[in-house]
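File shown: final38.tsv. Contents: TSV, C-alpha atoms.
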chain	number	residue	atom	x	y	z
A	28	LYS	CA	-12.76	1.96	9.90
A	29	PRO	CA	-11.36	0.39	6.73
A	30	SER	CA	-14.05	-0.87	4.42
A	31	HIS	CA	-13.23	-3.54	1.87
A	32	LYS	CA	-16.10	-5.94	2.08
A	33	ALA	CA	-17.53	-6.97	-1.27
A	34	SER	CA	-20.66	-8.66	-0.03
A	35	ARG	CA	-23.10	-8.20	-2.90
A	36	GLY	CA	-22.98	-11.21	-5.15
A	37	ILE	CA	-24.95	-13.34	-7.52
A	38	SER	CA	-27.55	-15.56	-6.02
A	39	GLU	CA	-27.32	-19.34	-5.92
A	40	GLY	CA	-28.59	-20.85	-9.14
A	41	ALA	CA	-27.75	-17.77	-11.22
A	42	ASP	CA	-26.76	-18.26	-14.86
A	43	VAL	CA	-23.08	-19.13	-14.64
A	44	SER	CA	-22.63	-19.64	-18.38
A	45	GLN	CA	-22.15	-15.90	-18.69
A	46	PRO	CA	-18.69	-14.93	-17.36
A	47	ASN	CA	-18.43	-12.62	-14.37
A	48	VAL	CA	-15.73	-10.08	-15.18
A	49	LEU	CA	-14.12	-7.86	-12.55
A	50	PHE	CA	-12.33	-4.67	-13.49
A	51	VAL	CA	-9.73	-3.76	-10.86
A	52	ILE	CA	-8.79	-0.08	-10.91
A	53	ALA	CA	-6.92	2.29	-8.61
A	54	HIS	CA	-8.91	5.52	-8.77
A	55	PRO	CA	-12.28	6.92	-9.74
A	56	ASP	CA	-11.87	8.00	-13.39
A	57	ASP	CA	-9.65	5.04	-14.37
A	58	GLU	CA	-12.79	3.28	-15.61
A	59	ALA	CA	-13.49	6.10	-18.08
A	60	MET	CA	-9.93	7.06	-18.98
A	61	PHE	CA	-8.59	3.57	-19.62
A	62	PHE	CA	-11.23	0.85	-19.58
A	63	ALA	CA	-14.40	2.35	-21.15
A	64	PRO	CA	-13.98	0.74	-24.60
A	65	THR	CA	-13.42	-2.69	-23.03
A	66	ILE	CA	-16.34	-2.26	-20.65
A	67	LEU	CA	-18.67	-1.25	-23.48
A	68	SER	CA	-17.55	-4.16	-25.67
A	69	LEU	CA	-18.24	-6.69	-22.89
A	70	LEU	CA	-21.66	-5.44	-21.74
A	71	ARG	CA	-23.67	-8.03	-23.66
A	72	LEU	CA	-21.17	-10.83	-23.20
A	73	ALA	CA	-20.57	-10.83	-19.44
A	74	ARG	CA	-21.81	-9.71	-16.07
A	75	LEU	CA	-19.49	-6.81	-15.17
A	76	TYR	CA	-18.19	-5.76	-11.77
A	77	LEU	CA	-15.71	-3.08	-10.80
A	78	ILE	CA	-13.58	-2.62	-7.70
A	79	CYS	CA	-11.82	0.70	-7.19
A	80	LEU	CA	-9.04	0.41	-4.61
A	81	SER	CA	-9.16	4.02	-3.43
A	82	VAL	CA	-11.64	6.86	-3.16
A	83	GLY	CA	-9.24	9.10	-5.10
A	84	ASN	CA	-8.71	11.52	-2.25
A	85	TYR	CA	-5.21	12.73	-3.18
A	86	GLU	CA	-6.50	16.28	-3.71
A	87	GLY	CA	-9.09	16.08	-0.92
A	88	ILE	CA	-12.09	15.51	-3.20
A	89	GLY	CA	-12.59	11.79	-2.65
A	90	GLN	CA	-16.26	12.09	-1.76
A	91	ALA	CA	-17.06	13.85	-5.03
A	92	ARG	CA	-14.95	11.38	-6.99
A	93	GLN	CA	-16.85	8.43	-5.50
A	94	LYS	CA	-20.14	9.92	-6.71
A	95	GLU	CA	-18.60	10.50	-10.12
A	96	LEU	CA	-17.46	6.86	-10.27
A	97	TYR	CA	-20.95	5.54	-9.58
A	98	ALA	CA	-22.37	7.91	-12.20
A	99	SER	CA	-19.72	6.97	-14.76
A	100	CYS	CA	-20.26	3.26	-14.20
A	101	GLY	CA	-24.00	3.80	-14.63
A	102	VAL	CA	-23.40	5.44	-18.01
A	103	LEU	CA	-21.05	2.59	-18.97
A	104	GLY	CA	-23.67	0.00	-18.00
A	105	ILE	CA	-22.29	-1.29	-14.70
A	106	PRO	CA	-25.00	-1.02	-12.02
A	107	SER	CA	-24.03	0.54	-8.68
A	108	SER	CA	-24.70	-2.81	-6.98
A	109	CYS	CA	-21.71	-4.17	-8.92
A	110	VAL	CA	-19.34	-1.30	-8.07
A	111	PHE	CA	-17.17	-1.53	-4.96
A	112	ILE	CA	-15.10	1.39	-3.74
A	113	ILE	CA	-12.40	0.76	-1.15
A	114	ASP	CA	-11.56	3.39	1.45
A	115	ASP	CA	-8.64	1.88	3.34
A	116	PRO	CA	-5.74	3.83	4.87
A	117	ARG	CA	-3.32	1.12	3.70
A	118	LEU	CA	-4.04	2.22	0.10
A	119	PRO	CA	-3.50	5.99	0.09
A	120	ASP	CA	-4.06	7.66	-3.27
A	121	GLY	CA	-1.00	9.49	-4.51
A	122	PRO	CA	1.74	9.49	-7.13
A	123	GLN	CA	4.42	8.64	-4.54
A	124	ASN	CA	2.54	5.76	-2.92
A	125	GLN	CA	3.18	2.14	-3.73
A	126	TRP	CA	0.55	-0.19	-2.31
A	127	ASP	CA	1.10	-3.51	-0.59
A	128	ARG	CA	0.52	-6.37	-3.04
A	129	GLN	CA	-0.89	-8.73	-0.45
A	130	VAL	CA	-3.41	-6.16	0.80
A	131	ILE	CA	-4.62	-5.74	-2.79
A	132	ALA	CA	-4.69	-9.51	-3.36
A	133	ASN	CA	-6.82	-9.99	-0.22
A	134	MET	CA	-9.32	-7.31	-1.28
A	135	VAL	CA	-9.57	-8.75	-4.77
A	136	ASP	CA	-10.05	-12.21	-3.25
A	137	ASP	CA	-12.97	-10.97	-1.12
A	138	CYS	CA	-14.67	-9.48	-4.18
A	139	VAL	CA	-14.01	-12.52	-6.38
A	140	ARG	CA	-15.42	-14.94	-3.81
A	141	ALA	CA	-18.49	-12.80	-3.06
A	142	ASN	CA	-19.37	-12.39	-6.74
A	143	ASN	CA	-18.26	-15.64	-8.37
A	144	ILE	CA	-15.77	-13.79	-10.59
A	145	ASN	CA	-13.96	-15.86	-13.21
A	146	LYS	CA	-12.12	-13.15	-15.17
A	147	ILE	CA	-10.20	-10.07	-14.02
A	148	ILE	CA	-9.12	-7.12	-16.15
A	149	THR	CA	-6.64	-4.58	-14.83
A	150	PHE	CA	-3.54	-2.54	-15.68
A	151	ASP	CA	-0.30	-4.01	-16.97
A	152	GLU	CA	3.06	-3.88	-15.18
A	153	ARG	CA	3.73	-0.37	-16.55
A	154	GLY	CA	0.42	0.96	-15.23
A	155	ILE	CA	-0.64	2.70	-18.47
A	156	SER	CA	0.47	6.11	-17.15
A	157	SER	CA	3.33	4.80	-14.95
A	158	HIS	CA	1.31	5.76	-11.85
A	159	PRO	CA	2.63	3.77	-8.86
A	160	ASN	CA	-0.93	3.01	-7.68
A	161	HIS	CA	-1.78	1.48	-11.09
A	162	ILE	CA	1.42	-0.56	-11.07
A	163	SER	CA	0.66	-1.75	-7.52
A	164	VAL	CA	-2.79	-2.89	-8.66
A	165	TYR	CA	-1.22	-5.02	-11.39
A	166	HIS	CA	1.19	-6.65	-8.93
A	167	GLY	CA	-1.53	-7.23	-6.34
A	168	VAL	CA	-3.76	-8.91	-8.92
A	169	ARG	CA	-0.81	-11.11	-9.99
A	170	VAL	CA	-0.33	-12.21	-6.38
A	171	PHE	CA	-4.03	-13.09	-6.22
A	172	LEU	CA	-4.02	-14.98	-9.54
A	173	LYS	CA	-0.96	-17.04	-8.60
A	174	ASP	CA	-3.11	-19.23	-6.34
A	175	ARG	CA	-6.35	-19.11	-8.33
A	176	PRO	CA	-6.17	-21.14	-11.56
A	177	ASP	CA	-9.98	-20.92	-11.78
A	178	VAL	CA	-9.77	-17.15	-12.41
A	179	SER	CA	-8.12	-15.79	-15.56
A	180	GLY	CA	-6.48	-12.40	-15.75
A	181	LEU	CA	-6.20	-9.92	-18.58
A	182	LYS	CA	-4.23	-6.71	-18.63
A	183	LEU	CA	-4.61	-3.46	-20.52
A	184	ILE	CA	-1.36	-2.97	-22.41
A	185	THR	CA	0.51	0.30	-21.99
A	186	THR	CA	0.90	2.12	-25.29
A	187	SER	CA	4.12	4.00	-26.03
A	188	LEU	CA	4.05	7.76	-25.56
A	189	VAL	CA	4.43	8.37	-29.29
A	190	ARG	CA	1.44	6.16	-30.16
A	191	LYS	CA	-0.69	7.78	-27.45
A	192	TYR	CA	-0.41	11.18	-29.04
A	193	ILE	CA	-0.44	10.53	-32.79
A	194	GLY	CA	-4.21	10.01	-32.79
A	195	PRO	CA	-5.65	8.77	-36.10
A	196	LEU	CA	-2.15	8.17	-37.45
A	197	ASP	CA	-1.95	5.26	-35.00
A	198	ALA	CA	-4.21	3.23	-37.29
A	199	LEU	CA	-1.69	3.68	-40.11
A	200	TYR	CA	1.17	2.85	-37.74
A	201	GLN	CA	-0.59	-0.36	-36.68
A	202	ARG	CA	-1.34	-1.34	-40.26
A	203	VAL	CA	2.25	-0.83	-41.42
A	204	PHE	CA	3.85	-2.64	-38.49
A	205	SER	CA	1.21	-5.36	-38.42
A	206	HIS	CA	1.75	-5.95	-42.15
A	207	THR	CA	5.54	-5.99	-41.67
A	208	THR	CA	5.24	-8.55	-38.88
A	209	ASP	CA	2.88	-10.74	-40.94
A	210	THR	CA	5.20	-10.58	-43.95
A	211	GLN	CA	8.20	-11.52	-41.82
A	212	ARG	CA	6.30	-14.53	-40.40
A	213	GLN	CA	5.48	-15.79	-43.90
A	214	GLN	CA	9.15	-15.76	-44.98
Go ahead and render the structure in this file as structure tokens.
Amino acid sequence: KPSHKASRGISEGADVSQPNVLFVIAHPDDEAMFFAPTILSLLRLARLYLICLSVGNYEGIGQARQKELYASCGVLGIPSSCVFIIDDPRLPDGPQNQWDRQVIANMVDDCVRANNINKIITFDERGISSHPNHISVYHGVRVFLKDRPDVSGLKLITTSLVRKYIGPLDALYQRVFSHTTDTQRQQ
């Protein structure tokens, strides 16, 4: 039976001045591989939630990956009561599988409504690693946001392959190109 109910939410009268931020990811480990710095920087500024749209069962180890996701989120500061893992046959994990945008939008909508979410953070249109599941998540979130002006969306920008692998030299690269751009604007 597909499970995509996001029923745990904030109680009536909760402090709504603090934003409720939802991270929308495709697989267990995306939170650590791609979103950990953002999660850690927002811990004191927002109430954080995470929805993972698959159990990560491509290699048949989905059950172990679910446990790892809960543990990872605990280390990152997101309590298990704010982590939702979807196990739905319409969203099969795999590098050849594109997911239906409307199915994703509906699942995100359930979670947003149940938890009074006002900000969403997810992948960009290139999916960080070009994984079709990541790209599908982006498009599904866009479908959801189209009809929800009360919820803002942010995306993690894909970095070029060269910048991904130059390590500390990336800081120099950023400084040079940032300076060049600033100088060009002043002229």
Fill in the blank from the handout: If you count all atoms listed in the file, the residue of A:Leu118, A:Val130, A:Val135, A:Ile184 closest to Tyr85 of chain A turns out to be A:Leu118
Practice task
Find the spatial neighbours of Pro55 of chain A, counting all atoms listed in the file, within a cut-off of 10 Å - ignore same-chain residues fewer than 5 positions away - and output them as JSON, numbers by chain.
Solution key: {"A": [60, 78, 79, 80, 81, 82, 83, 84, 89, 91, 92, 93, 94, 95, 96, 97, 99, 100, 112]}
Practice task
Just the residues within 8 Å of Asn145 of chain A, please, counting all atoms listed in the file, with nothing from its chain fewer than 2 positions along; format it as a VMD selection string.
Solution key: chain A and resid 46 to 48 139 143 147 177 to 179
Problem - Residue among A:Leu183, A:Leu69, A:Ala63, A:Ala198 lying closest to Gly154 of chain A, counting only C-alpha atoms - result: A:Leu183
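Note that atom CA of Asn142 of chain A and atom CA of Leu70 of chain A are 16.7 Å apart.
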Problem - Exercise: Ala132 of chain A partners within 9 Å, all atoms listed in the file, chain neighbours under 2 positions left out, as a VMD selection string - result: chain A and resid 127 to 130 134 to 137 164 166 to 172
Practice task
Enumerate, as a PyMOL selection string, the protein, DNA and RNA residues whose atoms approach (-12.9, 2.7, -21.7) to within 12 Å, taking into account only C-alpha atoms and the coordinate frame of the file.
Solution key: chain A and resi 50+52+56-70+99-100+102-104+148-149+183
Filtering to C-alpha atoms, could you give me those residues as a CSV table (one decimal), keeping the file's coordinate frame?
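Output saved as result_15.csv:
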chain,number,residue,atom,x,y,z
A,50,PHE,CA,-12.3,-4.7,-13.5
A,52,ILE,CA,-8.8,-0.1,-10.9
A,56,ASP,CA,-11.9,8.0,-13.4
A,57,ASP,CA,-9.6,5.0,-14.4
A,58,GLU,CA,-12.8,3.3,-15.6
A,59,ALA,CA,-13.5,6.1,-18.1
A,60,MET,CA,-9.9,7.1,-19.0
A,61,PHE,CA,-8.6,3.6,-19.6
A,62,PHE,CA,-11.2,0.8,-19.6
A,63,ALA,CA,-14.4,2.4,-21.2
A,64,PRO,CA,-14.0,0.7,-24.6
A,65,THR,CA,-13.4,-2.7,-23.0
A,66,ILE,CA,-16.3,-2.3,-20.6
A,67,LEU,CA,-18.7,-1.2,-23.5
A,68,SER,CA,-17.6,-4.2,-25.7
A,69,LEU,CA,-18.2,-6.7,-22.9
A,70,LEU,CA,-21.7,-5.4,-21.7
A,99,SER,CA,-19.7,7.0,-14.8
A,100,CYS,CA,-20.3,3.3,-14.2
A,102,VAL,CA,-23.4,5.4,-18.0
A,103,LEU,CA,-21.0,2.6,-19.0
A,104,GLY,CA,-23.7,0.0,-18.0
A,148,ILE,CA,-9.1,-7.1,-16.2
A,149,THR,CA,-6.6,-4.6,-14.8
A,183,LEU,CA,-4.6,-3.5,-20.5
Problem - Distance of atom CA of Glu152 of chain A from atom CA of Lys182 of chain A, expressed in Å to one decimal place - result: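 Pair atom CA of Lys182 of chain A / atom CA of Glu152 of chain A returns 8.5 Å.
Taking atom CA of Tyr165 of chain A as the reference point, atom CA of Asp151 of chain A is found at 5.7 Å.
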Problem - Residue with smallest distance to Ile144 of chain A - pool A:Leu72, A:Ile105, A:Leu77, A:Ile162, counting all atoms listed in the file - result: A:Leu77
Using all atoms of segment 113-125 of chain A that appear in the file, construct an axis-aligned enclosing box with 8 Å of padding on every side and provide its centre coordinates and edge lengths in Å, rounded to one decimal, as JSON.
{"center_x": -4.0, "center_y": 5.1, "center_z": -1.1, "size_x": 32.8, "size_y": 24.7, "size_z": 28.0}
Handout entry: Using all atoms listed in the file: which of A:Leu75, A:Ala53, A:Leu199, A:Ile88 has the shortest distance to Pro122 of chain A
Key = A:Ala53
Handout entry: Residue with smallest distance to Ser163 of chain A - pool A:Ile131, A:Cys138, A:Leu196, A:Ala98, counting all atoms listed in the file
Key =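 For Ser163 of chain A, the nearest of the candidates is A:Ile131.
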